[in-house]
file entry_23.pdb (PDB, C-alpha atoms, pLDDT in the B column)
MODEL        1
ATOM      1  CA  LYS A 151      -0.234  25.368  23.117  1.00 68.00           C
ATOM      2  CA  ALA A 152       2.429  23.988  20.818  1.00 80.00           C
ATOM      3  CA  GLY A 153       1.490  23.547  17.174  1.00 93.00           C
ATOM      4  CA  VAL A 154       2.022  20.588  14.900  1.00 96.00           C
ATOM      5  CA  THR A 155       5.703  19.693  14.775  1.00 97.00           C
ATOM      6  CA  GLN A 156       7.285  17.968  11.829  1.00 97.00           C
ATOM      7  CA  THR A 157      10.809  16.622  11.672  1.00 97.00           C
ATOM      8  CA  PRO A 158      13.081  16.871   9.865  1.00 97.00           C
ATOM      9  CA  ARG A 159      12.276  20.127   8.089  1.00 96.00           C
ATOM     10  CA  TYR A 160      14.649  19.471   5.208  1.00 97.00           C
ATOM     11  CA  LEU A 161      16.335  16.353   3.933  1.00 97.00           C
ATOM     12  CA  ILE A 162      18.136  15.123   0.862  1.00 98.00           C
ATOM     13  CA  LYS A 163      18.123  11.492  -0.224  1.00 98.00           C
ATOM     14  CA  THR A 164      19.198   9.566  -3.294  1.00 98.00           C
ATOM     15  CA  ARG A 165      17.102   7.315  -5.474  1.00 98.00           C
ATOM     16  CA  GLY A 166      16.474   3.913  -3.989  1.00 97.00           C
ATOM     17  CA  GLN A 167      16.868   5.008  -0.401  1.00 98.00           C
ATOM     18  CA  GLN A 168      14.065   5.165   2.103  1.00 98.00           C
ATOM     19  CA  VAL A 169      12.943   7.992   4.360  1.00 98.00           C
ATOM     20  CA  THR A 170      10.919   8.343   7.545  1.00 98.00           C
ATOM     21  CA  LEU A 171       9.161  11.573   8.444  1.00 98.00           C
ATOM     22  CA  SER A 172       7.756  12.343  11.860  1.00 98.00           C
ATOM     23  CA  CYS A 173       4.768  14.364  13.007  1.00 98.00           C
ATOM     24  CA  SER A 174       3.759  15.353  16.519  1.00 98.00           C
ATOM     25  CA  PRO A 175       0.177  16.631  16.599  1.00 96.00           C
ATOM     26  CA  ILE A 176      -1.257  19.288  18.839  1.00 94.00           C
ATOM     27  CA  SER A 177      -1.811  17.946  22.339  1.00 92.00           C
ATOM     28  CA  GLY A 178      -5.222  16.309  22.542  1.00 89.00           C
ATOM     29  CA  HIS A 179      -5.590  15.842  18.805  1.00 90.00           C
ATOM     30  CA  ARG A 180      -6.122  12.221  17.874  1.00 90.00           C
ATOM     31  CA  SER A 181      -6.430  12.491  14.109  1.00 92.00           C
ATOM     32  CA  VAL A 182      -3.363  12.942  11.914  1.00 96.00           C
ATOM     33  CA  SER A 183      -3.415  13.352   8.136  1.00 96.00           C
ATOM     34  CA  TRP A 184      -0.567  13.492   5.655  1.00 98.00           C
ATOM     35  CA  TYR A 185      -0.449  15.392   2.375  1.00 98.00           C
ATOM     36  CA  GLN A 186       2.080  15.632  -0.425  1.00 98.00           C
ATOM     37  CA  GLN A 187       2.573  19.005  -2.117  1.00 97.00           C
ATOM     38  CA  THR A 188       4.332  19.307  -5.465  1.00 96.00           C
ATOM     39  CA  PRO A 189       4.324  22.071  -8.092  1.00 92.00           C
ATOM     40  CA  GLY A 190       2.848  19.724 -10.687  1.00 90.00           C
ATOM     41  CA  GLN A 191       0.226  17.801  -8.720  1.00 93.00           C
ATOM     42  CA  GLY A 192      -0.577  20.310  -6.006  1.00 94.00           C
ATOM     43  CA  LEU A 193      -1.806  19.070  -2.638  1.00 96.00           C
ATOM     44  CA  GLN A 194      -2.659  15.386  -2.555  1.00 97.00           C
ATOM     45  CA  PHE A 195      -4.004  13.372   0.347  1.00 96.00           C
ATOM     46  CA  LEU A 196      -1.794  10.495   1.448  1.00 97.00           C
ATOM     47  CA  PHE A 197      -3.483   8.968   4.496  1.00 94.00           C
ATOM     48  CA  GLU A 198      -5.279   9.669   7.755  1.00 94.00           C
ATOM     49  CA  TYR A 199      -4.816   7.994  11.105  1.00 95.00           C
ATOM     50  CA  PHE A 200      -7.101   8.022  14.113  1.00 92.00           C
ATOM     51  CA  SER A 201      -6.430   6.149  17.347  1.00 90.00           C
ATOM     52  CA  GLU A 202      -3.573   4.205  15.756  1.00 93.00           C
ATOM     53  CA  THR A 203      -5.760   2.997  12.865  1.00 94.00           C
ATOM     54  CA  GLN A 204      -5.558   4.073   9.257  1.00 94.00           C
ATOM     55  CA  ARG A 205      -8.935   5.590   8.505  1.00 90.00           C
ATOM     56  CA  ASN A 206      -8.394   6.723   4.939  1.00 91.00           C
ATOM     57  CA  LYS A 207      -5.791   6.223   2.256  1.00 93.00           C
ATOM     58  CA  GLY A 208      -5.098   8.236  -0.858  1.00 94.00           C
ATOM     59  CA  ASN A 209      -4.116   7.011  -4.283  1.00 94.00           C
ATOM     60  CA  PHE A 210      -0.410   6.431  -3.739  1.00 97.00           C
ATOM     61  CA  PRO A 211       1.678   3.316  -4.344  1.00 96.00           C
ATOM     62  CA  GLY A 212       2.481   0.892  -1.558  1.00 96.00           C
ATOM     63  CA  ARG A 213       5.933   2.460  -1.171  1.00 97.00           C
ATOM     64  CA  PHE A 214       4.168   5.092   0.895  1.00 98.00           C
ATOM     65  CA  SER A 215       3.164   3.900   4.336  1.00 97.00           C
ATOM     66  CA  GLY A 216       2.435   5.345   7.710  1.00 97.00           C
ATOM     67  CA  ARG A 217       1.576   4.578  11.262  1.00 97.00           C
ATOM     68  CA  GLN A 218       0.345   6.244  14.406  1.00 97.00           C
ATOM     69  CA  PHE A 219       1.481   5.585  17.936  1.00 97.00           C
ATOM     70  CA  SER A 220      -0.527   5.496  21.145  1.00 95.00           C
ATOM     71  CA  ASN A 221       0.477   9.095  21.932  1.00 94.00           C
ATOM     72  CA  SER A 222      -0.969  10.152  18.531  1.00 94.00           C
ATOM     73  CA  ARG A 223       2.439  10.893  17.046  1.00 97.00           C
ATOM     74  CA  SER A 224       2.655   9.704  13.490  1.00 98.00           C
ATOM     75  CA  GLU A 225       5.335   8.678  11.047  1.00 98.00           C
ATOM     76  CA  MET A 226       5.264   8.173   7.338  1.00 98.00           C
ATOM     77  CA  ASN A 227       7.754   6.149   5.376  1.00 98.00           C
ATOM     78  CA  VAL A 228       8.643   6.182   1.712  1.00 98.00           C
ATOM     79  CA  SER A 229      10.722   3.280   0.460  1.00 96.00           C
ATOM     80  CA  THR A 230      12.683   2.941  -2.762  1.00 97.00           C
ATOM     81  CA  LEU A 231      12.658   6.670  -3.364  1.00 98.00           C
ATOM     82  CA  GLU A 232      12.091   8.033  -6.847  1.00 97.00           C
ATOM     83  CA  LEU A 233      12.896  11.465  -8.218  1.00 97.00           C
ATOM     84  CA  GLY A 234       9.179  12.206  -8.345  1.00 96.00           C
ATOM     85  CA  ASP A 235       8.899  11.793  -4.591  1.00 97.00           C
ATOM     86  CA  SER A 236      10.611  15.155  -4.155  1.00 98.00           C
ATOM     87  CA  ALA A 237       7.958  17.238  -2.427  1.00 97.00           C
ATOM     88  CA  LEU A 238       6.829  19.072   0.650  1.00 97.00           C
ATOM     89  CA  TYR A 239       5.162  16.574   2.968  1.00 98.00           C
ATOM     90  CA  LEU A 240       2.610  18.171   5.243  1.00 97.00           C
ATOM     91  CA  CYS A 241       1.102  16.746   8.378  1.00 97.00           C
ATOM     92  CA  ALA A 242      -2.155  18.006   9.841  1.00 96.00           C
ATOM     93  CA  SER A 243      -3.915  17.213  13.071  1.00 94.00           C
ATOM     94  CA  SER A 244      -7.470  17.671  14.300  1.00 90.00           C
ATOM     95  CA  LEU A 245      -9.685  16.816  17.239  1.00 81.00           C
ATOM     96  CA  ASP A 246     -11.508  13.544  17.440  1.00 65.00           C
ATOM     97  CA  GLN A 247     -14.601  12.999  15.379  1.00 60.00           C
ATOM     98  CA  GLU A 248     -17.281  14.014  17.878  1.00 55.00           C
ATOM     99  CA  GLN A 249     -15.699  17.340  18.797  1.00 55.00           C
ATOM    100  CA  ASN A 250     -14.221  18.223  15.473  1.00 60.00           C
ATOM    101  CA  THR A 251     -15.273  21.441  13.820  1.00 69.00           C
ATOM    102  CA  GLY A 252     -13.513  20.602  10.613  1.00 77.00           C
ATOM    103  CA  GLU A 253     -10.399  22.702  10.991  1.00 88.00           C
ATOM    104  CA  LEU A 254      -7.070  21.063  10.241  1.00 92.00           C
ATOM    105  CA  PHE A 255      -3.905  22.374  11.882  1.00 93.00           C
ATOM    106  CA  PHE A 256      -0.909  21.973   9.623  1.00 96.00           C
ATOM    107  CA  GLY A 257       2.752  21.674  10.437  1.00 96.00           C
ATOM    108  CA  GLU A 258       5.374  23.543   8.441  1.00 96.00           C
ATOM    109  CA  GLY A 259       6.230  20.450   6.468  1.00 96.00           C
ATOM    110  CA  SER A 260       9.209  18.288   5.663  1.00 97.00           C
ATOM    111  CA  ARG A 261      10.834  19.176   2.359  1.00 97.00           C
ATOM    112  CA  LEU A 262      12.275  16.077   0.734  1.00 98.00           C
ATOM    113  CA  THR A 263      14.671  16.293  -2.190  1.00 98.00           C
ATOM    114  CA  VAL A 264      15.529  13.094  -4.023  1.00 98.00           C
ATOM    115  CA  LEU A 265      18.685  13.167  -6.152  1.00 97.00           C
TER
ATOM    116  CA  ALA B 282     -15.932  12.182  -6.000  1.00 78.00           C
ATOM    117  CA  GLN B 283     -15.756  15.578  -4.402  1.00 88.00           C
ATOM    118  CA  SER B 284     -13.749  18.271  -6.130  1.00 92.00           C
ATOM    119  CA  VAL B 285     -13.093  21.985  -6.169  1.00 95.00           C
ATOM    120  CA  ALA B 286     -11.766  24.191  -8.927  1.00 97.00           C
ATOM    121  CA  GLN B 287      -9.896  27.455  -8.691  1.00 98.00           C
ATOM    122  CA  PRO B 288     -10.042  29.011 -12.152  1.00 97.00           C
ATOM    123  CA  GLU B 289      -7.348  31.627 -11.601  1.00 97.00           C
ATOM    124  CA  ASP B 290      -3.681  30.789 -11.167  1.00 97.00           C
ATOM    125  CA  GLN B 291      -2.938  34.308  -9.982  1.00 98.00           C
ATOM    126  CA  VAL B 292      -4.865  37.344  -8.824  1.00 98.00           C
ATOM    127  CA  ASN B 293      -3.260  40.769  -8.802  1.00 98.00           C
ATOM    128  CA  VAL B 294      -4.747  43.571  -6.753  1.00 98.00           C
ATOM    129  CA  ALA B 295      -3.603  46.934  -5.480  1.00 98.00           C
ATOM    130  CA  GLU B 296      -3.416  47.493  -1.742  1.00 98.00           C
ATOM    131  CA  GLY B 297      -6.684  48.886  -0.417  1.00 97.00           C
ATOM    132  CA  ASN B 298      -8.769  47.419  -3.227  1.00 98.00           C
ATOM    133  CA  PRO B 299     -11.239  44.550  -2.803  1.00 98.00           C
ATOM    134  CA  LEU B 300      -9.837  41.057  -3.183  1.00 98.00           C
ATOM    135  CA  THR B 301     -11.771  38.095  -4.556  1.00 98.00           C
ATOM    136  CA  VAL B 302     -10.452  34.571  -5.037  1.00 98.00           C
ATOM    137  CA  LYS B 303     -12.795  32.237  -6.883  1.00 98.00           C
ATOM    138  CA  CYS B 304     -13.700  28.648  -6.101  1.00 98.00           C
ATOM    139  CA  THR B 305     -16.357  26.340  -7.521  1.00 97.00           C
ATOM    140  CA  TYR B 306     -17.213  22.930  -6.166  1.00 96.00           C
ATOM    141  CA  SER B 307     -18.685  19.630  -7.244  1.00 94.00           C
ATOM    142  CA  VAL B 308     -19.981  17.351  -4.502  1.00 90.00           C
ATOM    143  CA  SER B 309     -22.487  14.649  -3.844  1.00 88.00           C
ATOM    144  CA  GLY B 310     -24.363  15.390  -0.675  1.00 85.00           C
ATOM    145  CA  ASN B 311     -23.748  18.325   1.624  1.00 85.00           C
ATOM    146  CA  PRO B 312     -20.684  20.415   0.820  1.00 90.00           C
ATOM    147  CA  TYR B 313     -18.189  21.050   3.601  1.00 91.00           C
ATOM    148  CA  LEU B 314     -15.942  23.778   2.211  1.00 94.00           C
ATOM    149  CA  PHE B 315     -12.774  25.408   3.466  1.00 95.00           C
ATOM    150  CA  TRP B 316     -10.241  28.093   2.632  1.00 97.00           C
ATOM    151  CA  TYR B 317      -6.597  27.801   3.648  1.00 97.00           C
ATOM    152  CA  VAL B 318      -3.651  30.130   3.054  1.00 97.00           C
ATOM    153  CA  GLN B 319       0.000  29.242   2.636  1.00 97.00           C
ATOM    154  CA  TYR B 320       2.913  31.633   3.028  1.00 93.00           C
ATOM    155  CA  PRO B 321       6.296  30.795   1.456  1.00 88.00           C
ATOM    156  CA  ASN B 322       8.008  27.782   3.002  1.00 81.00           C
ATOM    157  CA  ARG B 323       5.226  27.356   5.535  1.00 85.00           C
ATOM    158  CA  GLY B 324       2.354  25.001   6.171  1.00 89.00           C
ATOM    159  CA  LEU B 325      -1.283  25.833   5.546  1.00 95.00           C
ATOM    160  CA  GLN B 326      -3.298  28.066   7.827  1.00 95.00           C
ATOM    161  CA  PHE B 327      -7.062  27.761   8.204  1.00 94.00           C
ATOM    162  CA  LEU B 328      -9.063  30.859   7.181  1.00 96.00           C
ATOM    163  CA  LEU B 329     -12.697  29.831   7.271  1.00 94.00           C
ATOM    164  CA  LYS B 330     -15.206  27.102   6.594  1.00 93.00           C
ATOM    165  CA  TYR B 331     -18.770  26.500   5.486  1.00 93.00           C
ATOM    166  CA  ILE B 332     -20.515  23.578   7.142  1.00 87.00           C
ATOM    167  CA  THR B 333     -24.101  24.759   7.350  1.00 82.00           C
ATOM    168  CA  GLY B 334     -26.061  27.898   8.173  1.00 83.00           C
ATOM    169  CA  ASP B 335     -25.496  31.407   6.890  1.00 87.00           C
ATOM    170  CA  ASN B 336     -24.238  31.700   3.350  1.00 91.00           C
ATOM    171  CA  LEU B 337     -21.827  34.471   4.336  1.00 95.00           C
ATOM    172  CA  VAL B 338     -19.010  33.076   6.429  1.00 95.00           C
ATOM    173  CA  LYS B 339     -16.568  35.285   8.294  1.00 95.00           C
ATOM    174  CA  GLY B 340     -13.072  34.108   9.020  1.00 94.00           C
ATOM    175  CA  SER B 341      -9.617  35.129  10.124  1.00 92.00           C
ATOM    176  CA  TYR B 342      -7.673  38.274   9.112  1.00 93.00           C
ATOM    177  CA  GLY B 343     -10.766  40.052   7.755  1.00 96.00           C
ATOM    178  CA  PHE B 344     -11.587  37.414   5.153  1.00 97.00           C
ATOM    179  CA  GLU B 345     -15.076  36.212   4.365  1.00 97.00           C
ATOM    180  CA  ALA B 346     -16.592  33.821   1.869  1.00 97.00           C
ATOM    181  CA  GLU B 347     -19.966  33.532   0.238  1.00 95.00           C
ATOM    182  CA  PHE B 348     -21.520  30.120  -0.258  1.00 95.00           C
ATOM    183  CA  ASN B 349     -23.765  30.039  -3.328  1.00 95.00           C
ATOM    184  CA  LYS B 350     -25.568  26.759  -3.798  1.00 93.00           C
ATOM    185  CA  SER B 351     -27.159  27.586  -7.145  1.00 94.00           C
ATOM    186  CA  GLN B 352     -23.816  28.566  -8.661  1.00 95.00           C
ATOM    187  CA  THR B 353     -21.885  25.928  -6.692  1.00 95.00           C
ATOM    188  CA  SER B 354     -19.372  28.565  -5.689  1.00 97.00           C
ATOM    189  CA  PHE B 355     -17.515  29.515  -2.530  1.00 97.00           C
ATOM    190  CA  HIS B 356     -15.563  32.669  -3.350  1.00 98.00           C
ATOM    191  CA  LEU B 357     -13.160  34.173  -0.838  1.00 98.00           C
ATOM    192  CA  LYS B 358     -13.325  37.932  -0.340  1.00 98.00           C
ATOM    193  CA  LYS B 359     -11.657  40.727   1.536  1.00 98.00           C
ATOM    194  CA  PRO B 360     -12.940  44.306   1.329  1.00 97.00           C
ATOM    195  CA  SER B 361      -9.516  45.961   1.477  1.00 97.00           C
ATOM    196  CA  ALA B 362      -6.393  43.973   0.598  1.00 98.00           C
ATOM    197  CA  LEU B 363      -3.061  44.371   2.371  1.00 97.00           C
ATOM    198  CA  VAL B 364       0.417  43.704   1.004  1.00 97.00           C
ATOM    199  CA  SER B 365       0.734  41.069   3.727  1.00 95.00           C
ATOM    200  CA  ASP B 366      -2.179  39.164   2.139  1.00 97.00           C
ATOM    201  CA  SER B 367       0.144  38.135  -0.685  1.00 97.00           C
ATOM    202  CA  ALA B 368       0.229  34.353  -0.431  1.00 97.00           C
ATOM    203  CA  LEU B 369      -1.088  31.128  -1.971  1.00 97.00           C
ATOM    204  CA  TYR B 370      -4.755  30.445  -1.284  1.00 98.00           C
ATOM    205  CA  PHE B 371      -6.396  27.021  -1.421  1.00 98.00           C
ATOM    206  CA  CYS B 372     -10.042  26.088  -1.549  1.00 97.00           C
ATOM    207  CA  ALA B 373     -10.856  22.607  -0.231  1.00 96.00           C
ATOM    208  CA  VAL B 374     -13.785  20.250   0.240  1.00 94.00           C
ATOM    209  CA  ARG B 375     -14.180  17.360   2.646  1.00 90.00           C
ATOM    210  CA  ASP B 376     -13.844  14.132   0.710  1.00 87.00           C
ATOM    211  CA  GLY B 377     -15.472  11.257   2.523  1.00 80.00           C
ATOM    212  CA  ASP B 378     -16.711  10.674   6.026  1.00 79.00           C
ATOM    213  CA  SER B 379     -13.864  12.181   8.032  1.00 78.00           C
ATOM    214  CA  TRP B 380     -12.516  15.683   8.491  1.00 82.00           C
ATOM    215  CA  GLY B 381      -8.930  14.691   7.809  1.00 88.00           C
ATOM    216  CA  LYS B 382      -9.385  13.943   4.128  1.00 90.00           C
ATOM    217  CA  LEU B 383      -9.678  17.068   2.032  1.00 93.00           C
ATOM    218  CA  GLN B 384      -9.634  17.568  -1.710  1.00 95.00           C
ATOM    219  CA  PHE B 385      -7.758  20.763  -2.484  1.00 96.00           C
ATOM    220  CA  GLY B 386      -7.971  23.054  -5.459  1.00 97.00           C
ATOM    221  CA  ALA B 387      -4.840  23.902  -7.418  1.00 97.00           C
ATOM    222  CA  GLY B 388      -4.339  27.114  -5.516  1.00 97.00           C
ATOM    223  CA  THR B 389      -4.442  30.794  -6.442  1.00 98.00           C
ATOM    224  CA  GLN B 390      -1.430  33.024  -5.968  1.00 97.00           C
ATOM    225  CA  VAL B 391      -2.508  36.427  -4.670  1.00 98.00           C
ATOM    226  CA  VAL B 392      -0.185  39.354  -5.289  1.00 98.00           C
ATOM    227  CA  VAL B 393      -1.018  42.627  -3.564  1.00 98.00           C
ATOM    228  CA  THR B 394       1.010  45.598  -4.774  1.00 97.00           C
ATOM    229  CA  PRO B 395       1.583  48.742  -2.703  1.00 95.00           C
TER
ENDMDL
END
call {"tool": "encode", "arguments": {"input": "entry_23.pdb", "output": "structure tokens"}}
result
Amino acid sequence: KAGVTQTPRYLIKTRGQQVTLSCSPISGHRSVSWYQQTPGQGLQFLFEYFSETQRNKGNFPGRFSGRQFSNSRSEMNVSTLELGDSALYLCASSLDQEQNTGELFFGEGSRLTVL
Amino acid sequence: AQSVAQPEDQVNVAEGNPLTVKCTYSVSGNPYLFWYVQYPNRGLQFLLKYITGDNLVKGSYGFEAEFNKSQTSFHLKKPSALVSDSALYFCAVRDGDSWGKLQFGAGTQVVVTP
């Protein structure tokens, strides 16, 4: 079974630009969560999607947005990039609520550098 | 709000010796606790979880964790550390009503020397 796939793995942007990151969950997983990892702030929850609906949202500005498609693939978008947005963005998937045992399966992340 | 704390930034241990990584938690309601490990330039890998039941939880790669309600702790342990256990370890707690939202600790870097 293929794991969680994130693309691109690495990217470099400049301030003011926008970026879109993609996540393909494990087949059959309907929940997708996004996390930001930085040396200073650690791992911070961005948002969670389930069946194309945002179920939870972390404490991030509106420049951070996401969506989920009918095939459970998810994208997150960051507009008007700032230097502080440089981070490893991690996507995680899990089974639907009734069958979930709590384990999240993480992708290898998309490392964003903002210059 | 749910939170976990990892008091040690780094733990150094010699190969073959016992390894302990500490975690304390603060929750309202039942605690759902997890340990994840991260190797360099990789995502997180699930090690084990406490949802309910036995206080001693066994997980992957020979790791186990002891849930202690009175001390609000969930320490990760391994009887005999390997050099390959060197990695960044995160304690986490479910934050809210869904499994996808976790509150992570700051992480503990484990260094196992030969």
call {"tool": "interface_residues", "arguments": {"input": "entry_23.pdb", "of": "chain A", "to": "chain B", "cutoff": "12 Å", "atoms": "all atoms listed in the file", "output": "ChimeraX atom specification"}}
result
/A:153-156,159-160,179-200,204-208,237-261
call {"tool": "residues_around", "arguments": {"input": "entry_23.pdb", "residues": "Ala286 of chain B", "least_positions_apart": "5", "cutoff": "7 Å", "atoms": "all atoms listed in the file", "output": "list in words"}}
result
Cys304, Thr305, Tyr306 and Gly386 of chain B
call {"tool": "atom_distance", "arguments": {"input": "entry_23.pdb", "atom1": "atom CA of Phe214 of chain A", "atom2": "atom CA of Ser229 of chain A"}}
result
6.8 Å
call {"tool": "residues_around", "arguments": {"input": "entry_23.pdb", "residues": "Asn293 of chain B", "least_positions_apart": "4", "cutoff": "9 Å", "atoms": "all atoms listed in the file", "output": "list in words"}}
result
Leu300, Gln390, Val391, Val392, Val393 and Thr394 of chain B
call {"tool": "resolve_selection", "arguments": {"input": "entry_23.pdb", "expression": "the PyMOL selection byres ((chain B and resi 289) around 9)", "output": "MDAnalysis selection string"}}
result
chainID B and resid 287:288 290:292 302:304 388:390
call {"tool": "atom_distance", "arguments": {"input": "entry_23.pdb", "atom1": "atom CA of Pro211 of chain A", "atom2": "atom CA of Glu225 of chain A"}}
result
16.7 Å
call {"tool": "residues_around", "arguments": {"input": "entry_23.pdb", "residues": "Gln168 of chain A", "least_positions_apart": "4", "cutoff": "6 Å", "atoms": "only C-alpha atoms", "output": "PyMOL selection string"}}
result
chain A and resi 228-231
call {"tool": "atom_distance", "arguments": {"input": "entry_23.pdb", "atom1": "atom CA of Ser284 of chain B", "atom2": "atom CA of Glu347 of chain B"}}
result
17.7 Å
call {"tool": "resolve_selection", "arguments": {"input": "entry_23.pdb", "expression": "the PyMOL selection byres ((chain B and resi 342) around 12)", "output": "list in words"}}
result
Tyr317, Val318, Gln326, Phe327, Leu328, Leu329, Lys339, Gly340, Ser341, Gly343, Phe344, Glu345, Lys358, Lys359, Pro360, Ser361, Ala362, Leu363, Ser365 and Asp366 of chain B
call {"tool": "resolve_selection", "arguments": {"input": "entry_23.pdb", "expression": "the PyMOL selection byres ((chain A and resi 164) around 7)", "output": "list of chain:residue names"}}
result
A:Lys163, A:Arg165, A:Gly166, A:Gln167, A:Val264, A:Leu265
call {"tool": "axis_aligned_box", "arguments": {"input": "entry_23.pdb", "around": "segment 205-208 of chain A", "padding_each_side": "4 Å", "output": "lines of an AutoDock Vina configuration file"}}
result
center_x = -7.0
center_y = 6.9
center_z = 3.8
size_x = 11.8
size_y = 10.6
size_z = 17.4
call {"tool": "closest_residue", "arguments": {"input": "entry_23.pdb", "among": "A:Thr203, A:Asn209, A:Thr157, A:Asn221", "to": "Ile176 of chain A", "atoms": "all atoms listed in the file"}}
result
A:Asn221
call {"tool": "closest_residue", "arguments": {"input": "entry_23.pdb", "among": "A:Ser201, A:Thr263, A:Ser172, A:Ser236", "to": "Ser220 of chain A", "atoms": "only C-alpha atoms"}}
result
A:Ser201
